[in-house]
Amino acid sequence: MKNNFSDNINKIINWWNAKKEDVSTFLVPIISIIVAFIVAGIMIKATGKSPIQAYKLLFEGAFGSSLKEFLSLKQAGEGLLKGAILTLTGLSVTVAFKVGLFNIGAEGQFIIGSIVAAYFGYIFNLPSIIGIPLILILVGIVSGLYGAFAAWLKVKRGVHEVITTIMLNWIAIHLVENWIVVGPFNILKYYPGTLLVGTPYVTDSSRLKPLFEGTRLNASIFIAIIAVIIIYIIINKTVLGYEIQATGLNINAAKYAGINTSKTMIISMFIAGALSGISGACMILGIEGRYPGVFSQGYGFDGITMSLIGNTTPIGTFIAAIFFGFVRAGATGMQLMGIHKSFTDIIQGFATIFVAGQSGIKYLLFLIGEKRAIKTKEATDGNY
Amino acid sequence: MGGERIPTLFFKIGGNLEYAIELKNITKIFPGVVANDNISLQIKKGEVFAIVGENGAGKTTLMNIIYGLYSPNYGEIYINGKKITHNTPKKAIENGIGMVHQHFMLVPIFSVYENIILGNEFVKNGIVLDRKKGIEEVKKISEQYGLNVDPKEIVGNLPVGIQQRVEILKVLFRGAEILILDEPTAVLTPQEIKELFETINALKKDNKTIIFISHKLKEVLEIADRICVLKNGKVMGIKNKEETNERELARLMVGRDVVLEIPKKERKPGEPILEVKDLVIMSDKGFPAIKGINFKLRRYEILGIAGVEGNGQKELVEALNGLRPIHSGKILINDKEIEKFDPWFFRRNGFAYIPEDRRVRGLILPFSVSYNLILGRQRDKNFKKGSFLNSGYIKTFSNNKVEEYDIRPRNPNLKVDALSGGNQQKVIVAREVSYDPDVLVASQPTRGLDVGATEFVHKKLVEQRDSGKAVLLISLELEEIMMLSDRIAVLFNGEIVGELSQEEATEEELGLLMLGLKRYDKKEVEGEK
């Protein structure tokens with residue numbers, strides 16, 4: 001009996017030792033999110049409201065109150081839509097992380113992508129099947145160059161990408177919102193006397209239309225999924241991905257081996273910029289229909305969170321983004337009991353903090369493993 | 001200062017007073033590894049006790065247990081006959097144990113005396129630091145042990161050998177009776193090693209106990225009274241110096257007979273491959289680090305570059321790697337001048353490298369063994385299919401290399417970080433030799449490796465030479481250079497101050513050249529026909 005027992009324990013420990021890293025990279029984000037919900041729940045409780053009630057509303061807001069409603073995607077579609085936008089900015093940050101850069105500039109690239117999409121969406125009046133891909137390609141090129149510019153500055157001039165991308169965010173915001181949108185591309189130029197602010201609406205054929213009746217969900221989700229697959233393949237299967245990872249993990253060894261790390265960084269940041277830009281394009285073509293007067297909603301910054309919670313892998317980023325897409329969609333439901341929808345930012349923030357503190361969580365998991373190992377040794381030796 | 005000692009007589013419970021340290025059945029388990037397996041040994045007062053073993057044999061773990069950084073899972077520790085339970089570094093220091101780490105724990109911008117008194121400062125009038133007393137005390141203790149050093153010198157400006165002296169003074173100042181020296185010679189020149197050994201002998205005369213950790217058998221046989229060999233966490237034997245020899249110790253360490261001399265084919269240099277002409281290279285600070293050197297490297301030949309660290313080796317290696325642009329002069333390979341200073345260009349023209357720091361430049365630690373084996377070759381014909389990695393070919397290739405080079409564990413999908421140092425180096429050697437290079441630049445290729453892995457790397461270098469390739473060996477280990485090189489050039493202060501053939505070279509002669517005390521006439525360093 002005892003032998004059997006210790007054998008089993010041994011098996012568990014061997015499995016643990018072999019899988020510990022995989023398991024903990026998988027477990028850490030999940031534990032972090034659960035803990036974040038608990039802590040945020042305590043905060044709801046502190047305001048005198050019931051966290052259980054709040055989370056129930058959140059859940060219903062996200063998925064609908066019945067299975068039928070969930071399947072009709074009336075509520076859930078909103079979560080997927082937000083998730084798609086977040087996936088794209090999250091992927092942008094993930095690609096940059098892979099090459100060892102911190103792309104805080106996703107927000108700026110998102111804005112550049114948005115205005116480019118608004119412009120070409122207005123100009124083009126082609127069949128959707130040609131027009132929309134063409135717009136996305138143009139958006140990808142322009143915002144890709146905007147992202148690559150930061151990498152170029154780093155490679156050529158040695159300026160840290162955190163500094164340049166932050167500054168490029170502000171440049172993008174002011175350039176677009178304080179000049180283009182109120183100046184050369186203002187709706188008043190095209191429709192004098194209108195009361196609207198912002199840019200003119202894109203043509204009908206340039207719009208991403210809802211997939212079903214009664215939901216805003218559109219092709220953005222497919223664009224996001226395709227992007228996840230492409231980025232996954234690039235990173236894990238291609239020569240470029242190999243070089244991206246090598247540069248990100250140890251730039252000294254990569255250089256030493258003859259990899260052109262400068263080029264690799266610029267290409268990666270081009271891809272990152274393009275992804276954020278396409279995210280912006282999905283927002284314009286799918287939801288807003290034009291670039292409104294004031295727009296910046298922080299999807300770019302949220303991309304950083306998604307990437308971190310998703311452990312900076314494409315699949316992880318996707319899961320985190322869809323999850324938080326639902327949380328955000330559901331947050332509207334919580335407003336019924338007087339909790340502002342920006343409450344989700346708190347949950348998101350806590351989750352990020354706990355993920356960032358993952359070495360602590362991993363250490364706890366390691367301690368458990370060690371204790372078990374010693375106990376087994378005691379059990380098997382028996383003599384001590 | 002903690003010089004006052006409690007008479008240990010009263011604490012004689014089960015321990016023997018003759019011994020400074022007695023370990024009984026020490027076992028330390030880490031998840032998945034038994035780092036120390038039932039180790040029992042006695043270290044006598046006033047002896048130099050050496051602990052040798054390959055990397056990962058458990059030397060450092062054992063020392064950390066004695067020093068109280070780890071607590072053993074089982075077993076007992078007696079210090080001066082007194083049983084120690086719940087050991088901590090503080091307790092260990094109180095019990096007179098001092099540790100000199102391999103990597104110095106000094107504040108470089110502080111002066112010598114400030115470093116020594118740090119944590120045990122003298123205070124006057126309640127709060128004011130008494131610098132004068134500090135300097136006096138440090139002077140006193142350095143004179144007492146004959147460890148000459150100027151207390152007011154800034155530590156960062158001192159050579160490594162003197163910094164180590166400061167470390168030793170630091171532990172003596174704290175009243176250490178038992179000194180643990182962790183790989184103390186790893187960073188020293190032959191002359192500095194000699195001085196260190198004098199210091200150790202002086203300490204021994206003063207009845208201090210010294211635990212000397214090393215994997216260099218020659219040194220251990222020179223300085224230690226008794227030698228303990230560890231392998232896989234177990235004691236393989238404790239030998240008196242007089243009763244043993246290098247061969248026996250090596251066998252105990254590795255578990256098999258080790259070839260200490262690598263057989264080489266007779267020397268017959270071929271046509272020159274690499275030619276360096278009036279090469280000047282700038283250091284990071286913008287001063288010339290290499291001041292116009294010339295040499296030729298031929299086929300069937302190993303050229304050794306000897307020298308004390310910091311005499312231009314780093315810059316030379318980086319220039320030959322393409323990482324550092326040259327200031328003036330020429331590098332020719334196969335009579336073709338290199339114009340582009342870019343590692344990729346060098347590699348395409350027949351260079352390959354074994355870097356001195358495998359964890360920084362040699363490997364990408366989070367990558368698998370397989371990915372590390374193709375690092376830099378990912379764009380070669382066979383390794384890719386269009387834009388994609390050719391995973392089938394990579395798999396066969398890395399399986400073959402793992403087999404051929406006996407890389408353990410034999411799993412190319414394992415992260416290279418999980419391998420031992422010796423196996424990591426094998427990954428690098430396997431990769432670099434697979435480039436089939438004309439010139440292999442090996443910069444301290446055996447740094448931090450154990451006997452078995454060193455033997456392996458040396459064999460591979462000689463194999464390269466014997467197969468008609470050329471090897472440039474840059475090393476701080478004189479023994480290695482003298483054993484392998486057909487010719488030895490000595491680098492001092494950015495210049496080649498002499499060149500000797502293997503037969504001409506003696507340790508004394510090279511030592512004088514390395515320290516700049518002698519220099520040959522400025523002639524071209526060139527292999528004879």
# chains A, B, ... in the order shown; residues from 1 in each chain; ligands from 1
$ select_by_dssp --residues "region 277-375 of chain A" --states "helix (DSSP H, G or I)" --output "VMD selection string"
chain A and resid 277 to 288 299 to 309 314 to 337 343 to 356 358 to 375
$ residues_around --residues "region 437-453 of chain B" --least-positions-apart "2" --cutoff "7 Å" --atoms "only C-alpha atoms" --output "NGL selection string"
:B and (54-55 or 215 or 254 or 258 or 350-356 or 421-422 or 433 or 435 or 455-457 or 469-476)
$ closest_atom_pairs --of "chain B" --to "chain A" --cutoff "8 Å" --atoms "only C-alpha atoms" --output "JSON lines"
{"residue": "B:Ile29", "atom": "CA", "partner": "A:Ile374", "partner_atom": "CA", "distance": 7.0}
{"residue": "B:Phe30", "atom": "CA", "partner": "A:Glu370", "partner_atom": "CA", "distance": 6.7}
{"residue": "B:Pro31", "atom": "CA", "partner": "A:Glu370", "partner_atom": "CA", "distance": 5.2}
{"residue": "B:Gly32", "atom": "CA", "partner": "A:Asn17", "partner_atom": "CA", "distance": 7.0}
{"residue": "B:Asn73", "atom": "CA", "partner": "A:Ile374", "partner_atom": "CA", "distance": 7.9}
{"residue": "B:Tyr74", "atom": "CA", "partner": "A:Tyr384", "partner_atom": "CA", "distance": 8.0}
{"residue": "B:Asn321", "atom": "CA", "partner": "A:Tyr256", "partner_atom": "CA", "distance": 7.4}
{"residue": "B:Leu323", "atom": "CA", "partner": "A:Tyr256", "partner_atom": "CA", "distance": 7.3}
{"residue": "B:Asp342", "atom": "CA", "partner": "A:Gly258", "partner_atom": "CA", "distance": 7.3}
{"residue": "B:Pro343", "atom": "CA", "partner": "A:Gly258", "partner_atom": "CA", "distance": 4.6}
{"residue": "B:Trp344", "atom": "CA", "partner": "A:Gly258", "partner_atom": "CA", "distance": 3.9}
{"residue": "B:Phe345", "atom": "CA", "partner": "A:Gly258", "partner_atom": "CA", "distance": 7.7}
{"residue": "B:Arg347", "atom": "CA", "partner": "A:Gly258", "partner_atom": "CA", "distance": 7.3}
{"residue": "B:Val360", "atom": "CA", "partner": "A:Ala253", "partner_atom": "CA", "distance": 6.2}
{"residue": "B:Arg361", "atom": "CA", "partner": "A:Ala253", "partner_atom": "CA", "distance": 4.0}
{"residue": "B:Gly362", "atom": "CA", "partner": "A:Ala253", "partner_atom": "CA", "distance": 5.6}
{"residue": "B:Leu363", "atom": "CA", "partner": "A:Ala253", "partner_atom": "CA", "distance": 6.0}
{"residue": "B:Ile364", "atom": "CA", "partner": "A:Asn250", "partner_atom": "CA", "distance": 5.7}
{"residue": "B:Leu365", "atom": "CA", "partner": "A:Leu249", "partner_atom": "CA", "distance": 7.9}
{"residue": "B:Pro366", "atom": "CA", "partner": "A:Leu249", "partner_atom": "CA", "distance": 7.2}
{"residue": "B:Leu375", "atom": "CA", "partner": "A:Ala257", "partner_atom": "CA", "distance": 6.3}
{"residue": "B:Gly376", "atom": "CA", "partner": "A:Ala257", "partner_atom": "CA", "distance": 4.6}
{"residue": "B:Gln378", "atom": "CA", "partner": "A:Val239", "partner_atom": "CA", "distance": 6.4}
{"residue": "B:Arg379", "atom": "CA", "partner": "A:Val239", "partner_atom": "CA", "distance": 7.0}
{"residue": "B:Lys384", "atom": "CA", "partner": "A:Val239", "partner_atom": "CA", "distance": 7.1}
{"residue": "B:Ser387", "atom": "CA", "partner": "A:Thr238", "partner_atom": "CA", "distance": 5.7}
{"residue": "B:Phe388", "atom": "CA", "partner": "A:Thr238", "partner_atom": "CA", "distance": 3.9}
{"residue": "B:Leu389", "atom": "CA", "partner": "A:Thr238", "partner_atom": "CA", "distance": 5.2}
$ residues_around --residues "Asn294 (chain B)" --least-positions-apart "2" --cutoff "12 Å" --atoms "only C-alpha atoms" --output "ChimeraX atom specification"
/B:274-280,290-292,296-297,316,329-332,489,491,494-499,522-527
$ write_last_selection --atoms "N, CA and C atoms" --output "short mmCIF file (atom, residue, chain, number, x, y, z; two decimals), in the first residue's frame"
data_model
loop_
_atom_site.label_atom_id
_atom_site.label_comp_id
_atom_site.auth_asym_id
_atom_site.auth_seq_id
_atom_site.Cartn_x
_atom_site.Cartn_y
_atom_site.Cartn_z
N LEU B 274 45.13 32.85 -43.11
CA LEU B 274 44.76 34.13 -42.50
C LEU B 274 46.01 34.98 -42.37
N GLU B 275 45.91 36.21 -42.80
CA GLU B 275 47.05 37.11 -42.66
C GLU B 275 46.56 38.42 -42.07
N VAL B 276 47.26 38.85 -41.06
CA VAL B 276 46.90 40.11 -40.42
C VAL B 276 48.06 41.06 -40.59
N LYS B 277 47.78 42.25 -41.13
CA LYS B 277 48.86 43.19 -41.47
C LYS B 277 48.65 44.52 -40.76
N ASP B 278 49.60 44.92 -39.96
CA ASP B 278 49.59 46.23 -39.28
C ASP B 278 48.24 46.57 -38.70
N LEU B 279 47.66 45.64 -38.04
CA LEU B 279 46.30 45.81 -37.57
C LEU B 279 46.25 46.71 -36.34
N VAL B 280 45.43 47.76 -36.41
CA VAL B 280 45.21 48.63 -35.26
C VAL B 280 43.71 48.59 -34.94
N ILE B 290 44.87 47.35 -29.87
CA ILE B 290 45.83 46.56 -30.64
C ILE B 290 46.62 47.56 -31.48
N LYS B 291 47.95 47.52 -31.30
CA LYS B 291 48.77 48.59 -31.88
C LYS B 291 49.63 48.08 -33.03
N GLY B 292 48.99 47.74 -34.11
CA GLY B 292 49.75 47.36 -35.30
C GLY B 292 50.39 46.00 -35.20
N LYS B 296 50.71 35.56 -39.41
CA LYS B 296 50.18 34.72 -40.48
C LYS B 296 49.78 33.40 -39.86
N LEU B 297 48.67 32.88 -40.31
CA LEU B 297 48.20 31.59 -39.82
C LEU B 297 48.10 30.65 -41.01
N LEU B 316 40.91 42.06 -30.30
CA LEU B 316 41.38 41.27 -31.44
C LEU B 316 40.32 40.25 -31.86
N GLY B 329 44.98 48.93 -41.08
CA GLY B 329 45.58 47.64 -41.31
C GLY B 329 44.68 46.77 -42.17
N LYS B 330 45.06 45.51 -42.26
CA LYS B 330 44.34 44.61 -43.17
C LYS B 330 44.16 43.25 -42.54
N ILE B 331 43.03 42.65 -42.85
CA ILE B 331 42.83 41.24 -42.53
C ILE B 331 42.58 40.54 -43.86
N LEU B 332 43.43 39.55 -44.18
CA LEU B 332 43.25 38.82 -45.44
C LEU B 332 42.93 37.37 -45.14
N ALA B 489 52.36 33.20 -29.87
CA ALA B 489 52.66 34.63 -29.90
C ALA B 489 52.17 35.23 -28.58
N LEU B 491 50.92 38.42 -26.48
CA LEU B 491 50.33 39.74 -26.62
C LEU B 491 50.55 40.50 -25.32
N GLY B 494 48.78 45.30 -26.29
CA GLY B 494 48.35 45.53 -27.67
C GLY B 494 49.40 45.23 -28.72
N GLU B 495 50.53 44.68 -28.31
CA GLU B 495 51.56 44.35 -29.29
C GLU B 495 51.98 42.91 -29.12
N ILE B 496 52.46 42.33 -30.20
CA ILE B 496 53.03 40.99 -30.07
C ILE B 496 54.50 41.17 -29.70
N VAL B 497 54.82 40.77 -28.49
CA VAL B 497 56.17 41.06 -27.99
C VAL B 497 57.11 39.87 -28.19
N GLY B 498 56.59 38.79 -28.71
CA GLY B 498 57.49 37.68 -28.96
C GLY B 498 56.74 36.53 -29.55
N GLU B 499 57.49 35.70 -30.28
CA GLU B 499 56.86 34.53 -30.85
C GLU B 499 57.81 33.36 -30.70
N LYS B 522 61.60 43.60 -32.90
CA LYS B 522 60.36 43.71 -33.67
C LYS B 522 60.53 43.01 -35.01
N LYS B 523 60.25 41.74 -35.00
CA LYS B 523 60.30 41.04 -36.29
C LYS B 523 58.89 40.56 -36.59
N GLU B 524 58.68 40.30 -37.85
CA GLU B 524 57.36 39.81 -38.23
C GLU B 524 57.12 38.44 -37.63
N VAL B 525 56.01 38.30 -37.02
CA VAL B 525 55.68 37.01 -36.46
C VAL B 525 55.13 36.16 -37.60
N GLU B 526 55.92 35.21 -37.98
CA GLU B 526 55.56 34.48 -39.19
C GLU B 526 56.07 33.05 -39.07
N GLY B 527 55.27 32.13 -39.45
CA GLY B 527 55.69 30.74 -39.38
C GLY B 527 56.76 30.46 -40.43
#
$ atom_distance --atom1 "CA of Gly386 (chain B)" --atom2 "CA of Ser92 (chain A)"
24.8 Å
$ residues_around --residues "Arg290 (chain A)" --least-positions-apart "3" --cutoff "6 Å" --atoms "only C-alpha atoms" --output "list in words"
Ala118, Thr199, Tyr201, Val202 and Ile284 of chain A
$ residues_around --residues "Ser268 (chain A)" --least-positions-apart "4" --cutoff "7 Å" --atoms "only C-alpha atoms" --output "list of chain:residue names"
A:Val95, A:Ala96, A:Val99, A:Thr264, A:Ala272
$ atom_distance --atom1 "CA of Ile77 (chain B)" --atom2 "CA of Gly58 (chain B)"
16.5 Å
$ atom_distance --atom1 "CA of Thr194 (chain A)" --atom2 "CA of Ser128 (chain A)"
27.2 Å
$ closest_residue --among "B:Gly56, B:Pro108, B:Gly68, B:Pro272" --to "Pro89 (chain B)" --atoms "only C-alpha atoms"
B:Gly68
$ residues_around --residues "region 109-115 of chain B" --least-positions-apart "6" --cutoff "8 Å" --atoms "only C-alpha atoms" --output "ChimeraX atom specification"
/B:134-135,138,150-156,166,170
$ residues_around --residues "region 412-420 of chain B" --least-positions-apart "4" --cutoff "6 Å" --atoms "only C-alpha atoms" --output "PyMOL selection string"
chain B and resi 365-370+424
$ write_last_selection --atoms "N, CA and C atoms" --output "short mmCIF file (atom, residue, chain, number, x, y, z; two decimals), in the first residue's frame"
data_model
loop_
_atom_site.label_atom_id
_atom_site.label_comp_id
_atom_site.auth_asym_id
_atom_site.auth_seq_id
_atom_site.Cartn_x
_atom_site.Cartn_y
_atom_site.Cartn_z
N LEU B 365 20.11 30.66 -24.62
CA LEU B 365 19.78 29.68 -23.58
C LEU B 365 18.34 29.18 -23.61
N PRO B 366 17.35 30.03 -23.87
CA PRO B 366 15.98 29.49 -23.89
C PRO B 366 15.67 28.67 -25.15
N PHE B 367 16.56 28.68 -26.13
CA PHE B 367 16.33 27.87 -27.33
C PHE B 367 16.67 26.41 -27.05
N SER B 368 16.11 25.53 -27.87
CA SER B 368 16.43 24.11 -27.74
C SER B 368 17.85 23.86 -28.26
N VAL B 369 18.36 22.69 -27.93
CA VAL B 369 19.68 22.28 -28.42
C VAL B 369 19.68 22.34 -29.94
N SER B 370 18.60 21.83 -30.52
CA SER B 370 18.48 21.77 -31.96
C SER B 370 18.56 23.17 -32.59
N GLN B 424 26.99 22.14 -22.97
CA GLN B 424 26.70 23.37 -23.70
C GLN B 424 27.86 23.69 -24.66
#
$ select_by_dssp --residues "region 165-288 of chain B" --states "strand (DSSP E or B)" --output "ChimeraX atom specification"
/B:178-182,209-214,226-231,234-240,272-282,288
